[in-house]
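Comments concern the structure below.
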Amino acid sequence: MAKAVTKSAGKPATKPASKPAAKTAAKPAAKAAAKPAAKTAPKAAAGKTASKAKPAKKQALTISMLKPSVNNMTVRVFARAAGLDHAETDAWGQTRSPEYMARNPAHLTPMIEDKGLPRGVLWESCAIMQYLSNKHGLEKFYPKAPAKRAMIDSAMFYLIGTLYPYVARATYPALGFPQYAGEVGHSDAHPERKSEAQKAAVAAIAEPLEVFHSFFRNGKPFIGGKNPSIADIRLAATLEFLAVINYALPKWAKEYMAAMEKKLGKAYAGPAGDVRGYIAHVKSQANA
Ligand SMILES: N[C@@H](CCC(=O)N[C@@H](CS)C(=O)NCC(=O)O)C(=O)O
């Protein structure tokens, strides 16, 4: 498995970073969201810890990411599970800076920088996983056979186009993330209207969720079959957000997420820990 080297803003993931990212190595996963990043090198999926004294080797692949985000968790899990040597830069508070926007006018994370990309960078979690799978011949995660590949693509497009907007409308108010322009949640509508809209989104999640189960998994452990595919990484990461609203996941989904974590081990648990740490923080603030 690959080592992930994290350059962080040196602040806890739970607060916006106002300073430019400093070149400190951050602790990965579980405790990172709750604690300020320590100046120790991260324990990567491989379980190896880079020496504190040695400067991190320049990685060919870098990922700009936000620790509390499941869009980012997706690519962070994938890079670890695929064993890709890479470095992570914590972009908290930086995505709208002139430097970032000059490279990425969409101001989005995850974003990779990789030699050979026509514009030097690539965003959109699914496109990143597709590109890296193609580049490194990772058929295990993204089969080459057209029909099999089409199912993975279909599951990912369905997630981004249908399930994720429901999840965002249902969870972003609780997560404290900005809503999308044009949505009730974004407007100055009465709080009751916003609450109704959020409840409608929560109610709408069940249908696409069942589609992933009955159609895409179709009796198999994962959408990818016996092993998780990039569509599975995208789905499991997305479902992590539902914990913030205590969404009652169906039994199959709980088992599926546990199976993903078991199969991918630290590659999953590390980035998931950041998301879970943020959710725990948000919940503790709400209950305070
Ligand atoms: N569909 C995109 C969504 C990416 C996205 O929404 N990224 C958010 C974090 S969850 C972001 O970077 N926002 C920062 C900004 O807009 O300035 C993906 O899957 O990568």
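Each chain in the structure tokens gets a letter, A, B and so on, in the order shown; residues start at 1 in every chain, and ligands are counted from 1 in the order they appear.
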Which residues of chain A have any atom within 8 Å of an atom in ligand 1 when counting only C-alpha atoms and all ligand atoms, and what is the closest pair of atoms for each, with the distance in Å to one decimal? Order the rows by chain and rising number and write it as CSV.
residue,atom,partner,partner_atom_place_in_ligand_line,distance
A:Met65,CA,ligand 1,12 (O),7.3
A:Leu66,CA,ligand 1,9 (C),6.6
A:Pro68,CA,ligand 1,10 (S),7.9
A:Ser69,CA,ligand 1,10 (S),4.7
A:Val70,CA,ligand 1,10 (S),6.5
A:Asn71,CA,ligand 1,19 (O),4.8
A:Asn72,CA,ligand 1,10 (S),6.7
A:Gly93,CA,ligand 1,17 (O),7.9
A:Gln94,CA,ligand 1,17 (O),7.7
A:Thr95,CA,ligand 1,17 (O),4.7
A:Arg96,CA,ligand 1,17 (O),5.5
A:Ala106,CA,ligand 1,16 (O),7.1
A:His107,CA,ligand 1,17 (O),4.8
A:Leu108,CA,ligand 1,12 (O),3.6
A:Thr109,CA,ligand 1,12 (O),3.6
A:Pro110,CA,ligand 1,20 (O),5.5
A:Met111,CA,ligand 1,20 (O),7.7
A:Trp123,CA,ligand 1,20 (O),6.0
A:Glu124,CA,ligand 1,20 (O),3.4
A:Ser125,CA,ligand 1,20 (O),3.8
A:Cys126,CA,ligand 1,19 (O),6.1
A:Ile160,CA,ligand 1,1 (N),6.4
With N, CA and C atoms retained, export the selected residues as a PDB file, in the first residue's frame.
ATOM      1  N   MET A  65      -7.344  18.428  -0.633  1.00  0.00           N
ATOM      2  CA  MET A  65      -8.551  17.823  -0.038  1.00  0.00           C
ATOM      3  C   MET A  65      -9.013  18.571   1.203  1.00  0.00           C
ATOM      4  N   LEU A  66     -10.266  18.272   1.579  1.00  0.00           N
ATOM      5  CA  LEU A  66     -10.859  18.772   2.814  1.00  0.00           C
ATOM      6  C   LEU A  66     -11.227  17.550   3.646  1.00  0.00           C
ATOM      7  N   PRO A  68     -13.232  16.939   6.277  1.00  0.00           N
ATOM      8  CA  PRO A  68     -14.598  16.547   6.690  1.00  0.00           C
ATOM      9  C   PRO A  68     -15.493  16.096   5.540  1.00  0.00           C
ATOM     10  N   SER A  69     -15.024  16.144   4.300  1.00  0.00           N
ATOM     11  CA  SER A  69     -15.891  15.944   3.135  1.00  0.00           C
ATOM     12  C   SER A  69     -15.878  14.503   2.621  1.00  0.00           C
ATOM     13  N   VAL A  70     -17.067  13.986   2.306  1.00  0.00           N
ATOM     14  CA  VAL A  70     -17.117  12.622   1.762  1.00  0.00           C
ATOM     15  C   VAL A  70     -16.724  12.574   0.285  1.00  0.00           C
ATOM     16  N   ASN A  71     -16.880  13.701  -0.426  1.00  0.00           N
ATOM     17  CA  ASN A  71     -16.372  13.741  -1.804  1.00  0.00           C
ATOM     18  C   ASN A  71     -14.854  13.528  -1.776  1.00  0.00           C
ATOM     19  N   ASN A  72     -14.238  14.139  -0.807  1.00  0.00           N
ATOM     20  CA  ASN A  72     -12.784  13.995  -0.640  1.00  0.00           C
ATOM     21  C   ASN A  72     -12.416  12.638  -0.061  1.00  0.00           C
ATOM     22  N   GLY A  93     -10.169  26.315   3.763  1.00  0.00           N
ATOM     23  CA  GLY A  93     -10.040  27.772   3.754  1.00  0.00           C
ATOM     24  C   GLY A  93      -9.267  28.327   2.568  1.00  0.00           C
ATOM     25  N   GLN A  94      -8.815  27.439   1.666  1.00  0.00           N
ATOM     26  CA  GLN A  94      -7.957  27.892   0.570  1.00  0.00           C
ATOM     27  C   GLN A  94      -8.615  27.834  -0.803  1.00  0.00           C
ATOM     28  N   THR A  95      -9.784  27.189  -0.893  1.00  0.00           N
ATOM     29  CA  THR A  95     -10.311  26.863  -2.224  1.00  0.00           C
ATOM     30  C   THR A  95     -10.721  28.087  -3.051  1.00  0.00           C
ATOM     31  N   ARG A  96     -10.963  29.192  -2.367  1.00  0.00           N
ATOM     32  CA  ARG A  96     -11.346  30.401  -3.130  1.00  0.00           C
ATOM     33  C   ARG A  96     -10.209  31.413  -3.187  1.00  0.00           C
ATOM     34  N   ALA A 106     -13.286  26.130 -10.614  1.00  0.00           N
ATOM     35  CA  ALA A 106     -14.499  25.603  -9.971  1.00  0.00           C
ATOM     36  C   ALA A 106     -14.343  25.596  -8.445  1.00  0.00           C
ATOM     37  N   HIS A 107     -13.180  25.939  -7.959  1.00  0.00           N
ATOM     38  CA  HIS A 107     -12.818  25.971  -6.538  1.00  0.00           C
ATOM     39  C   HIS A 107     -13.240  24.716  -5.772  1.00  0.00           C
ATOM     40  N   LEU A 108     -13.099  23.575  -6.402  1.00  0.00           N
ATOM     41  CA  LEU A 108     -13.546  22.343  -5.756  1.00  0.00           C
ATOM     42  C   LEU A 108     -12.390  21.454  -5.311  1.00  0.00           C
ATOM     43  N   THR A 109     -12.698  20.691  -4.279  1.00  0.00           N
ATOM     44  CA  THR A 109     -11.861  19.578  -3.874  1.00  0.00           C
ATOM     45  C   THR A 109     -12.745  18.343  -3.940  1.00  0.00           C
ATOM     46  N   PRO A 110     -12.232  17.150  -4.065  1.00  0.00           N
ATOM     47  CA  PRO A 110     -10.831  16.835  -4.264  1.00  0.00           C
ATOM     48  C   PRO A 110     -10.348  17.313  -5.639  1.00  0.00           C
ATOM     49  N   MET A 111      -9.065  17.640  -5.645  1.00  0.00           N
ATOM     50  CA  MET A 111      -8.413  18.000  -6.913  1.00  0.00           C
ATOM     51  C   MET A 111      -7.051  17.319  -6.917  1.00  0.00           C
ATOM     52  N   TRP A 123     -10.484  17.702 -11.222  1.00  0.00           N
ATOM     53  CA  TRP A 123     -11.397  17.594 -10.083  1.00  0.00           C
ATOM     54  C   TRP A 123     -12.546  16.705 -10.466  1.00  0.00           C
ATOM     55  N   GLU A 124     -13.474  16.491  -9.544  1.00  0.00           N
ATOM     56  CA  GLU A 124     -14.597  15.536  -9.587  1.00  0.00           C
ATOM     57  C   GLU A 124     -14.087  14.151  -9.144  1.00  0.00           C
ATOM     58  N   SER A 125     -14.576  13.754  -7.995  1.00  0.00           N
ATOM     59  CA  SER A 125     -14.078  12.517  -7.373  1.00  0.00           C
ATOM     60  C   SER A 125     -14.144  11.295  -8.294  1.00  0.00           C
ATOM     61  N   CYS A 126     -15.256  11.142  -9.003  1.00  0.00           N
ATOM     62  CA  CYS A 126     -15.389   9.936  -9.840  1.00  0.00           C
ATOM     63  C   CYS A 126     -14.442  10.002 -11.034  1.00  0.00           C
ATOM     64  N   ILE A 160     -23.999  10.635  -8.232  1.00  0.00           N
ATOM     65  CA  ILE A 160     -23.709  12.074  -8.287  1.00  0.00           C
ATOM     66  C   ILE A 160     -24.959  12.869  -8.714  1.00  0.00           C
TER      67      ILE A 160
END
Residues of stretch 109-209 of chain A at most 9 Å from stretch 244-249 of chain A: nearest atom pair and distance in Å, only C-alpha atoms, as a Markdown table:
| residue | atom | partner | partner_atom | distance |
| --- | --- | --- | --- | --- |
| A:Ala170 | CA | A:Ile245 | CA | 7.8 |
| A:Thr171 | CA | A:Ile245 | CA | 6.4 |
| A:Ala174 | CA | A:Val244 | CA | 6.7 |
| A:Leu175 | CA | A:Val244 | CA | 7.0 |
| A:Val202 | CA | A:Tyr247 | CA | 8.1 |
| A:Ala206 | CA | A:Leu249 | CA | 8.8 |
request  = May I ask for the distance between atom CA of A:Leu235 and atom CA of A:Leu159, given in Å to one decimal place?
outcome  =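 Those two atoms sit 7.2 Å apart.
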